[in-house]
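Have a look at final22.pdb below; it lists PDB, C-alpha atoms and all ligand atoms.
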MODEL        1
ATOM      1  CA  MET A 101     251.322 239.526  47.585
ATOM      2  CA  ASN A 102     252.262 235.887  47.916
ATOM      3  CA  LYS A 103     254.233 236.539  51.037
ATOM      4  CA  TYR A 104     251.032 237.351  52.909
ATOM      5  CA  GLN A 105     249.298 234.150  51.840
ATOM      6  CA  VAL A 106     249.238 231.370  54.442
ATOM      7  CA  LYS A 107     250.349 227.996  53.073
ATOM      8  CA  PRO A 108     248.104 225.056  53.982
ATOM      9  CA  GLY A 109     249.147 223.739  57.396
ATOM     10  CA  GLN A 110     251.694 226.508  57.921
ATOM     11  CA  GLU A 111     252.353 227.118  61.596
ATOM     12  CA  ILE A 112     251.421 230.699  62.382
ATOM     13  CA  ILE A 113     252.861 232.709  65.239
ATOM     14  CA  LEU A 114     251.320 236.127  64.807
ATOM     15  CA  SER A 115     254.103 237.877  66.705
ATOM     16  CA  ASP A 116     256.365 236.921  63.777
ATOM     17  CA  TRP A 117     254.117 238.854  61.352
ATOM     18  CA  ASP A 118     254.698 242.597  61.423
ATOM     19  CA  PRO A 119     251.370 244.495  61.420
ATOM     20  CA  GLY A 120     253.273 247.631  60.406
ATOM     21  CA  ASP A 121     254.942 246.044  57.399
ATOM     22  CA  ARG A 122     254.861 248.121  54.202
ATOM     23  CA  SER A 123     257.512 246.368  52.213
ATOM     24  CA  ALA A 124     255.481 245.539  49.109
ATOM     25  CA  PHE A 125     255.029 249.177  48.057
ATOM     26  CA  VAL A 126     257.561 251.900  47.620
ATOM     27  CA  GLY A 127     256.474 255.487  47.937
ATOM     28  CA  ASP A 128     254.522 257.538  50.430
ATOM     29  CA  LYS A 129     250.871 257.740  51.345
ATOM     30  CA  ASP A 130     250.031 260.052  48.425
ATOM     31  CA  VAL A 131     251.472 257.645  45.884
ATOM     32  CA  ALA A 132     249.596 254.841  47.625
ATOM     33  CA  GLU A 133     246.318 256.720  47.393
ATOM     34  CA  GLU A 134     246.810 257.246  43.681
ATOM     35  CA  ARG A 135     247.606 253.573  43.287
ATOM     36  CA  LEU A 136     244.468 252.625  45.222
ATOM     37  CA  GLY A 137     242.408 254.871  42.961
ATOM     38  CA  ALA A 138     243.738 253.007  39.933
ATOM     39  CA  LEU A 139     242.958 249.665  41.575
ATOM     40  CA  ASN A 140     239.443 250.879  42.418
ATOM     41  CA  ARG A 141     238.842 251.585  38.729
ATOM     42  CA  GLU A 142     240.222 248.191  37.731
ATOM     43  CA  LEU A 143     238.043 246.478  40.304
ATOM     44  CA  GLU A 144     235.033 248.372  39.012
ATOM     45  CA  GLU A 145     235.644 247.028  35.510
ATOM     46  CA  LEU A 146     236.341 243.493  36.641
ATOM     47  CA  GLN A 147     233.191 243.454  38.731
ATOM     48  CA  GLU A 148     231.165 244.662  35.752
ATOM     49  CA  LEU A 149     232.643 241.800  33.762
ATOM     50  CA  LEU A 150     231.899 239.318  36.531
ATOM     51  CA  TYR A 151     228.289 240.459  36.538
ATOM     52  CA  ALA A 152     227.958 240.461  32.747
ATOM     53  CA  GLU A 153     229.517 237.029  32.328
ATOM     54  CA  SER A 154     227.412 235.658  35.192
ATOM     55  CA  LYS A 155     229.541 232.532  35.559
ATOM     56  CA  HIS A 156     231.830 232.923  38.560
ATOM     57  CA  LYS A 157     230.905 233.606  42.182
ATOM     58  CA  VAL A 158     233.248 235.573  44.421
ATOM     59  CA  LEU A 159     233.330 235.436  48.206
ATOM     60  CA  ILE A 160     235.537 237.728  50.284
ATOM     61  CA  VAL A 161     235.836 237.032  54.001
ATOM     62  CA  LEU A 162     237.000 239.802  56.348
ATOM     63  CA  GLN A 163     238.081 238.924  59.871
ATOM     64  CA  GLY A 164     240.097 240.740  62.487
ATOM     65  CA  MET A 165     240.061 242.046  66.041
ATOM     66  CA  ASP A 166     237.781 244.974  66.942
ATOM     67  CA  THR A 167     238.914 248.178  65.166
ATOM     68  CA  SER A 168     241.089 246.231  62.723
ATOM     69  CA  GLY A 169     239.368 247.972  59.815
ATOM     70  CA  LYS A 170     236.789 245.614  58.331
ATOM     71  CA  ASP A 171     234.354 248.471  57.706
ATOM     72  CA  GLY A 172     237.121 250.656  56.315
ATOM     73  CA  VAL A 173     238.077 248.006  53.770
ATOM     74  CA  ILE A 174     234.476 247.766  52.608
ATOM     75  CA  ARG A 175     234.309 251.542  52.167
ATOM     76  CA  HIS A 176     237.676 252.118  50.516
ATOM     77  CA  VAL A 177     238.480 248.980  48.528
ATOM     78  CA  PHE A 178     235.014 248.588  47.017
ATOM     79  CA  GLU A 179     234.495 252.267  46.372
ATOM     80  CA  GLY A 180     232.947 252.653  42.949
ATOM     81  CA  VAL A 181     231.744 249.094  42.363
ATOM     82  CA  ASN A 182     228.201 248.672  41.133
ATOM     83  CA  PRO A 183     225.908 247.897  44.106
ATOM     84  CA  GLN A 184     223.838 245.775  41.758
ATOM     85  CA  GLY A 185     226.395 242.971  41.767
ATOM     86  CA  VAL A 186     228.012 243.412  45.167
ATOM     87  CA  ARG A 187     226.537 242.620  48.558
ATOM     88  CA  VAL A 188     227.814 242.863  52.134
ATOM     89  CA  ALA A 189     226.746 240.258  54.687
ATOM     90  CA  SER A 190     227.490 241.164  58.316
ATOM     91  CA  PHE A 191     227.440 238.452  60.934
ATOM     92  CA  LYS A 192     226.439 239.610  64.409
ATOM     93  CA  VAL A 193     225.490 237.733  67.565
ATOM     94  CA  PRO A 194     223.205 234.973  66.259
ATOM     95  CA  SER A 195     219.448 235.340  66.742
ATOM     96  CA  PRO A 196     217.482 232.602  68.572
ATOM     97  CA  ASP A 197     216.364 231.271  65.196
ATOM     98  CA  GLU A 198     219.943 231.137  63.956
ATOM     99  CA  LEU A 199     221.090 229.476  67.166
ATOM    100  CA  ALA A 200     218.428 226.818  66.731
ATOM    101  CA  HIS A 201     220.206 225.740  63.531
ATOM    102  CA  ASP A 202     223.709 224.570  62.755
ATOM    103  CA  TYR A 203     226.234 227.430  62.622
ATOM    104  CA  LEU A 204     226.627 227.274  58.835
ATOM    105  CA  TRP A 205     222.914 227.688  58.168
ATOM    106  CA  ARG A 206     222.885 231.476  58.259
ATOM    107  CA  VAL A 207     226.154 231.597  56.379
ATOM    108  CA  HIS A 208     225.213 229.344  53.491
ATOM    109  CA  LYS A 209     222.156 231.507  52.815
ATOM    110  CA  GLN A 210     224.419 234.501  52.148
ATOM    111  CA  VAL A 211     226.962 233.014  49.740
ATOM    112  CA  PRO A 212     227.255 234.598  46.286
ATOM    113  CA  GLY A 213     225.299 233.433  43.257
ATOM    114  CA  LYS A 214     226.599 233.506  39.686
ATOM    115  CA  GLY A 215     228.050 236.869  38.724
ATOM    116  CA  GLU A 216     227.848 238.109  42.274
ATOM    117  CA  MET A 217     230.480 239.319  44.704
ATOM    118  CA  VAL A 218     229.728 239.000  48.412
ATOM    119  CA  ILE A 219     231.783 240.462  51.229
ATOM    120  CA  PHE A 220     231.499 238.764  54.610
ATOM    121  CA  ASN A 221     231.995 241.264  57.428
ATOM    122  CA  ARG A 222     232.806 238.591  60.040
ATOM    123  CA  SER A 223     231.749 235.117  59.090
ATOM    124  CA  HIS A 224     231.455 231.460  60.081
ATOM    125  CA  TYR A 225     234.936 231.911  61.580
ATOM    126  CA  GLU A 226     233.298 233.607  64.570
ATOM    127  CA  ASP A 227     232.139 230.097  65.444
ATOM    128  CA  VAL A 228     235.753 229.113  66.175
ATOM    129  CA  LEU A 229     236.811 232.540  67.513
ATOM    130  CA  VAL A 230     234.399 234.363  69.831
ATOM    131  CA  VAL A 231     232.579 231.082  70.446
ATOM    132  CA  ARG A 232     235.818 229.414  71.519
ATOM    133  CA  VAL A 233     237.176 232.316  73.554
ATOM    134  CA  HIS A 234     233.899 232.715  75.468
ATOM    135  CA  GLU A 235     233.308 228.971  75.706
ATOM    136  CA  LEU A 236     229.870 229.280  74.138
ATOM    137  CA  VAL A 237     230.072 225.629  73.081
ATOM    138  CA  PRO A 238     232.243 222.850  74.537
ATOM    139  CA  GLU A 239     235.730 222.366  73.108
ATOM    140  CA  PRO A 240     234.995 219.076  71.302
ATOM    141  CA  VAL A 241     232.243 220.900  69.401
ATOM    142  CA  TRP A 242     234.301 223.849  68.117
ATOM    143  CA  LYS A 243     237.335 221.668  67.457
ATOM    144  CA  LYS A 244     235.450 219.686  64.840
ATOM    145  CA  ARG A 245     234.529 222.865  63.041
ATOM    146  CA  PHE A 246     237.888 223.438  61.354
ATOM    147  CA  ASP A 247     237.385 220.340  59.199
ATOM    148  CA  GLN A 248     233.714 221.167  58.698
ATOM    149  CA  ILE A 249     234.583 224.664  57.520
ATOM    150  CA  ASN A 250     237.195 223.335  55.098
ATOM    151  CA  ASP A 251     234.643 220.905  53.695
ATOM    152  CA  PHE A 252     231.994 223.617  53.415
ATOM    153  CA  GLU A 253     234.350 225.950  51.587
ATOM    154  CA  ARG A 254     235.454 223.112  49.307
ATOM    155  CA  ILE A 255     231.867 222.536  48.239
ATOM    156  CA  LEU A 256     231.489 226.234  47.448
ATOM    157  CA  SER A 257     234.757 226.227  45.540
ATOM    158  CA  ARG A 258     233.918 223.164  43.479
ATOM    159  CA  GLU A 259     230.589 224.737  42.623
ATOM    160  CA  GLY A 260     232.326 227.751  41.114
ATOM    161  CA  THR A 261     233.029 230.102  44.022
ATOM    162  CA  THR A 262     236.343 231.899  44.277
ATOM    163  CA  ILE A 263     237.086 232.439  47.965
ATOM    164  CA  LEU A 264     239.537 234.936  49.445
ATOM    165  CA  LYS A 265     239.970 235.357  53.187
ATOM    166  CA  PHE A 266     241.692 238.333  54.792
ATOM    167  CA  PHE A 267     242.838 238.553  58.389
ATOM    168  CA  LEU A 268     243.386 242.228  59.211
ATOM    169  CA  HIS A 269     246.397 242.160  61.489
ATOM    170  CA  ILE A 270     246.825 245.045  63.956
ATOM    171  CA  ASP A 271     248.651 245.137  67.277
ATOM    172  CA  LEU A 272     247.498 246.048  70.768
ATOM    173  CA  ASP A 273     248.939 249.582  70.625
ATOM    174  CA  GLU A 274     247.156 250.323  67.368
ATOM    175  CA  GLN A 275     243.882 249.046  68.818
ATOM    176  CA  LYS A 276     244.357 251.264  71.850
ATOM    177  CA  ALA A 277     244.822 254.315  69.631
ATOM    178  CA  ARG A 278     241.778 253.459  67.554
ATOM    179  CA  LEU A 279     239.521 252.831  70.564
ATOM    180  CA  GLN A 280     240.734 256.114  72.075
ATOM    181  CA  ALA A 281     239.923 257.905  68.816
ATOM    182  CA  ARG A 282     236.410 256.484  68.953
ATOM    183  CA  LEU A 283     236.021 257.783  72.507
ATOM    184  CA  ASP A 284     237.349 261.244  71.711
ATOM    185  CA  ASP A 285     235.617 261.987  68.428
ATOM    186  CA  PRO A 286     231.850 262.628  68.695
ATOM    187  CA  SER A 287     231.418 261.461  65.114
ATOM    188  CA  LYS A 288     232.994 258.122  65.995
ATOM    189  CA  GLN A 289     231.438 257.547  69.404
ATOM    190  CA  TRP A 290     228.557 255.574  67.926
ATOM    191  CA  LYS A 291     231.102 252.930  66.969
ATOM    192  CA  PHE A 292     232.412 252.647  70.508
ATOM    193  CA  ASN A 293     231.149 249.539  72.188
ATOM    194  CA  PRO A 294     231.999 249.300  75.900
ATOM    195  CA  GLY A 295     232.153 245.531  75.421
ATOM    196  CA  ASP A 296     235.224 246.039  73.238
ATOM    197  CA  ILE A 297     237.206 246.869  76.391
ATOM    198  CA  ASN A 298     236.497 243.419  77.794
ATOM    199  CA  GLU A 299     237.308 241.779  74.471
ATOM    200  CA  ARG A 300     240.611 243.638  74.443
ATOM    201  CA  LYS A 301     241.543 241.952  77.725
ATOM    202  CA  LEU A 302     241.157 238.635  75.932
ATOM    203  CA  TRP A 303     243.700 239.591  73.255
ATOM    204  CA  PRO A 304     246.019 236.601  74.006
ATOM    205  CA  GLU A 305     243.094 234.171  73.787
ATOM    206  CA  TYR A 306     241.921 235.677  70.511
ATOM    207  CA  THR A 307     245.459 235.600  69.159
ATOM    208  CA  LYS A 308     245.713 231.888  69.894
ATOM    209  CA  ALA A 309     242.307 231.268  68.311
ATOM    210  CA  TYR A 310     243.301 233.213  65.175
ATOM    211  CA  GLU A 311     246.598 231.347  64.933
ATOM    212  CA  ASP A 312     244.686 228.063  64.872
ATOM    213  CA  VAL A 313     242.260 229.370  62.267
ATOM    214  CA  LEU A 314     245.101 230.484  60.007
ATOM    215  CA  ASN A 315     247.012 227.232  60.496
ATOM    216  CA  LYS A 316     244.055 224.901  59.963
ATOM    217  CA  THR A 317     241.822 226.605  57.421
ATOM    218  CA  SER A 318     244.095 228.107  54.785
ATOM    219  CA  THR A 319     243.557 225.767  51.856
ATOM    220  CA  THR A 320     244.351 225.760  48.158
ATOM    221  CA  TRP A 321     240.660 226.417  47.499
ATOM    222  CA  ALA A 322     240.193 229.112  50.149
ATOM    223  CA  PRO A 323     243.470 230.745  51.197
ATOM    224  CA  TRP A 324     243.984 233.162  54.070
ATOM    225  CA  TYR A 325     246.014 236.327  53.727
ATOM    226  CA  ILE A 326     247.535 237.984  56.788
ATOM    227  CA  VAL A 327     247.205 241.669  55.945
ATOM    228  CA  PRO A 328     249.464 244.136  57.774
ATOM    229  CA  ALA A 329     246.749 246.531  58.935
ATOM    230  CA  ASN A 330     248.326 249.068  61.298
ATOM    231  CA  ARG A 331     248.445 251.429  58.325
ATOM    232  CA  LYS A 332     245.048 251.766  56.716
ATOM    233  CA  TRP A 333     246.370 252.764  53.287
ATOM    234  CA  TYR A 334     248.661 249.746  53.174
ATOM    235  CA  ARG A 335     245.897 247.382  54.274
ATOM    236  CA  ASN A 336     243.646 248.709  51.502
ATOM    237  CA  LEU A 337     246.371 248.389  48.879
ATOM    238  CA  VAL A 338     247.185 244.800  49.796
ATOM    239  CA  ILE A 339     243.550 243.692  49.668
ATOM    240  CA  ALA A 340     242.759 245.591  46.477
ATOM    241  CA  THR A 341     245.828 244.142  44.786
ATOM    242  CA  VAL A 342     245.032 240.539  45.738
ATOM    243  CA  LEU A 343     241.462 240.989  44.627
ATOM    244  CA  VAL A 344     242.311 242.538  41.259
ATOM    245  CA  GLU A 345     244.981 239.910  40.550
ATOM    246  CA  THR A 346     242.593 237.094  41.462
ATOM    247  CA  LEU A 347     239.771 238.450  39.316
ATOM    248  CA  LYS A 348     242.110 238.899  36.366
ATOM    249  CA  GLY A 349     243.123 235.270  36.798
ATOM    250  CA  LEU A 350     239.522 234.188  36.128
ATOM    251  CA  GLN A 351     240.041 235.135  32.463
ATOM    252  CA  MET A 352     236.521 236.467  32.145
ATOM    253  CA  SER A 353     235.037 237.808  28.953
ATOM    254  CA  TYR A 354     231.857 239.615  27.986
ATOM    255  CA  PRO A 355     229.236 237.168  26.737
ATOM    256  CA  LEU A 356     228.557 237.085  23.023
ATOM    257  CA  PRO A 357     225.198 238.475  21.907
ATOM    258  CA  LYS A 358     222.446 235.867  21.651
ATOM    259  CA  GLU A 359     222.096 236.477  17.915
ATOM    260  CA  ASP A 360     224.088 238.108  15.138
ATOM    261  CA  LEU A 361     223.712 241.878  15.620
ATOM    262  CA  SER A 362     225.781 242.967  12.631
ATOM    263  CA  GLY A 363     222.913 243.747  10.233
ATOM    264  CA  LEU A 364     220.749 245.577  12.792
ATOM    265  CA  VAL A 365     219.860 249.218  12.286
ATOM    266  CA  ILE A 366     218.285 251.352  15.019
ATOM    267  CA  GLU A 367     215.669 253.513  13.269
TER     268      GLU A 367
HETATM  269  P1  LIG B 401     230.402 244.226  65.108
HETATM  270  O1  LIG B 401     231.122 243.488  64.019
HETATM  271  O2  LIG B 401     231.289 245.221  65.809
HETATM  272  O3  LIG B 401     229.121 244.813  64.666
HETATM  273  O4  LIG B 401     230.057 243.174  66.244
HETATM  274  C1  LIG B 401     229.388 241.991  65.990
HETATM  275  C2  LIG B 401     229.520 241.122  67.220
HETATM  276  O5  LIG B 401     228.868 239.879  66.960
HETATM  277  C3  LIG B 401     230.963 240.783  67.564
HETATM  278  O6  LIG B 401     231.186 241.033  68.916
HETATM  279  C4  LIG B 401     231.064 239.309  67.255
HETATM  280  O7  LIG B 401     231.985 238.649  68.060
HETATM  281  C5  LIG B 401     229.637 238.844  67.474
HETATM  282  N1  LIG B 401     229.377 237.583  66.772
HETATM  283  C6  LIG B 401     229.425 237.355  65.444
HETATM  284  N2  LIG B 401     229.169 236.067  65.163
HETATM  285  C7  LIG B 401     228.980 235.453  66.355
HETATM  286  C8  LIG B 401     228.689 234.114  66.723
HETATM  287  N3  LIG B 401     228.561 233.134  65.814
HETATM  288  N4  LIG B 401     228.532 233.854  68.046
HETATM  289  C9  LIG B 401     228.660 234.832  68.951
HETATM  290  N5  LIG B 401     228.935 236.111  68.666
HETATM  291  C10 LIG B 401     229.093 236.429  67.386
HETATM  292 MG    MG B 402     232.618 246.123  67.075
ENDMDL
END
Mind turning this structure into structure tokens?
Ligand code: AMP
Ligand code: MG
Amino acid sequence: MNKYQVKPGQEIILSDWDPGDRSAFVGDKDVAEERLGALNRELEELQELLYAESKHKVLIVLQGMDTSGKDGVIRHVFEGVNPQGVRVASFKVPSPDELAHDYLWRVHKQVPGKGEMVIFNRSHYEDVLVVRVHELVPEPVWKKRFDQINDFERILSREGTTILKFFLHIDLDEQKARLQARLDDPSKQWKFNPGDINERKLWPEYTKAYEDVLNKTSTTWAPWYIVPANRKWYRNLVIATVLVETLKGLQMSYPLPKEDLSGLVIE
């Protein structure tokens, strides 16, 4: 999965990254689904261990254009995990109260505690994406945020948070197909937001903004992965694999009992 990880300071030109890539897995969709099932079970166990050990904190950031599959990842990759130790935080248009504070205020409140896994569905990165593209703050203000975000994430990391950031990379044609599917299918129409059509027109601006994010905020303590996301099954496999490998790397173990249990008999 290393090939999808952005090196710190790496120049990113998204047109060089194939959103339809599937080179890390051989086999067809059926094999992939079986593989994802196995990863789901592994993730379930690792999350149980994370919760039991109550030492590490895990933060997963999901970003991507509209329809890129953030909700799908949450449904399919985290299928089976125990809701007791996993939480989703979705970041929407800020409320007046949120806007009255610095942009990290609402974000910091949602970060994981010990033993917890939190998934950010959008994140503080919106403050250098939508905010930049729509000029919601002046350029000198958003420009400073890349360093601020790196500092913020470094604090979290040094305080025991493992951070993984996934950019779900689709192309314009795939977005068109997915928006059309939302329009055509009555069970998907609720997801259709007419505003998405205007956002789509700003694709080049968003691409530039994402390229800067990936170039400036992929760090050793909080790396970005560019996930080929035109194929949903491949996107899910890449994310599940990175997550399972990272959690295994934490070398977690079940805590020892507080006292010697060997002589105990349950009557
Ligand atoms: P959705 O993820 O489809 O529910 O949409 C959430 C909307 O909130 C998106 O259009 C985001 O661009 C928007 N949003 C999230 N964070 C911010 C922010 N900090 N400032 C402005 N808009 C935001
Ligand atoms: Mg949307």
Pull the closest atom pair for each residue of segment 258-280 of chain A that gets at most 12 Å from segment 171-187 of chain A, along with the distance in Å to one decimal, counting all atoms listed in the file, ordering rows by chain and then ascending residue number, as CSV.
residue,atom,partner,partner_atom,distance
A:Phe266,CA,A:Val173,CA,10.4
A:Phe267,CA,A:Val173,CA,11.5
A:Leu268,CA,A:Val173,CA,9.5
Legend entry - segment 112-129 of chain A surroundings by only C-alpha atoms, 8 Å radius, close-in-sequence under 2 positions cut, as a list of chain:residue names: A:Met101, A:Gln110, A:Val131, A:Ala132, A:Glu133, A:His269, A:Ile270, A:Asp271, A:Thr307, A:Glu311, A:Asp312, A:Leu314, A:Asn315, A:Val327, A:Pro328, A:Ala329, A:Asn330, A:Arg331, A:Trp333, A:Tyr334
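For ligand MG 402 (chain B), the set of protein, DNA and RNA residues within 8 Å, based on only C-alpha atoms and all ligand atoms, reads Asp166, Thr167, Lys291, Phe292, Asn293 and Asp296 of chain A.
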Inset, instruction - Evaluate the PyMOL selection byres (((chain A and resi 141-155) around 12) and not hetatm) on the structure here and hand back the selected residues as a PyMOL selection string. - result: chain A and resi 134-140+156-158+176-187+212-218+259-262+339-357
Legend entry - Env. residues ligand LIG 401 (chain B) / 8 Å / all atoms listed in the file / as an MDAnalysis selection string: chainID A and resid 166 190:194 203 221:227 229:231 236 291 293 295:296
To verify the selection step, state as a tab-separated table (two decimals) with C-alpha atoms, in the frame of the given file which residues the PyMOL selection byres (((chain A and resi 246) around 10) and not hetatm) yields on this input.
chain	number	residue	atom	x	y	z
A	225	TYR	CA	234.94	231.91	61.58
A	227	ASP	CA	232.14	230.10	65.44
A	228	VAL	CA	235.75	229.11	66.18
A	242	TRP	CA	234.30	223.85	68.12
A	243	LYS	CA	237.34	221.67	67.46
A	244	LYS	CA	235.45	219.69	64.84
A	245	ARG	CA	234.53	222.86	63.04
A	247	ASP	CA	237.38	220.34	59.20
A	248	GLN	CA	233.71	221.17	58.70
A	249	ILE	CA	234.58	224.66	57.52
A	250	ASN	CA	237.20	223.34	55.10
A	251	ASP	CA	234.64	220.90	53.70
A	252	PHE	CA	231.99	223.62	53.42
A	312	ASP	CA	244.69	228.06	64.87
A	313	VAL	CA	242.26	229.37	62.27
A	315	ASN	CA	247.01	227.23	60.50
A	316	LYS	CA	244.06	224.90	59.96
A	317	THR	CA	241.82	226.60	57.42
Legend entry - Length of the atom CA of Glu274 of chain A to atom CA of Trp324 of chain A vector [Å]: 21.9 Å
Inset, instruction - List every protein, DNA or RNA residue with an atom no more than 10 Å from (242.4, 225.5, 50.7) in the file's coordinates, counting only C-alpha atoms, and format the result as a PyMOL selection string. - result: chain A and resi 106-109+250-251+253-254+257+263-264+316-324
C-alpha atoms of the current selection, written as a compact mmCIF listing (two decimals), in the frame of the given file:
# COMPACT_ATOMS: atom_id res chain seq x y z
CA VAL A 106 249.24 231.37 54.44
CA LYS A 107 250.35 228.00 53.07
CA PRO A 108 248.10 225.06 53.98
CA GLY A 109 249.15 223.74 57.40
CA ASN A 250 237.20 223.34 55.10
CA ASP A 251 234.64 220.90 53.70
CA GLU A 253 234.35 225.95 51.59
CA ARG A 254 235.45 223.11 49.31
CA SER A 257 234.76 226.23 45.54
CA ILE A 263 237.09 232.44 47.96
CA LEU A 264 239.54 234.94 49.44
CA LYS A 316 244.06 224.90 59.96
CA THR A 317 241.82 226.60 57.42
CA SER A 318 244.10 228.11 54.78
CA THR A 319 243.56 225.77 51.86
CA THR A 320 244.35 225.76 48.16
CA TRP A 321 240.66 226.42 47.50
CA ALA A 322 240.19 229.11 50.15
CA PRO A 323 243.47 230.74 51.20
CA TRP A 324 243.98 233.16 54.07
Please write out, as lines of an AutoDock Vina configuration file, where the centre of an axis-aligned box around all listed atoms of segment 347-366 of chain A lies and how long its edges are, in Å to one decimal, after adding 5 Å on each side.
center_x = 230.7
center_y = 242.8
center_z = 24.8
size_x = 34.8
size_y = 27.2
size_z = 39.1
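Atom CA of Leu337 of chain A sits 12.6 Å away from atom CA of Tyr104 of chain A.
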Inset, instruction - Just give me the gap between atom CA of Pro240 of chain A and atom CA of Asp202 of chain A in Å, one decimal is fine. - result: 15.2 Å
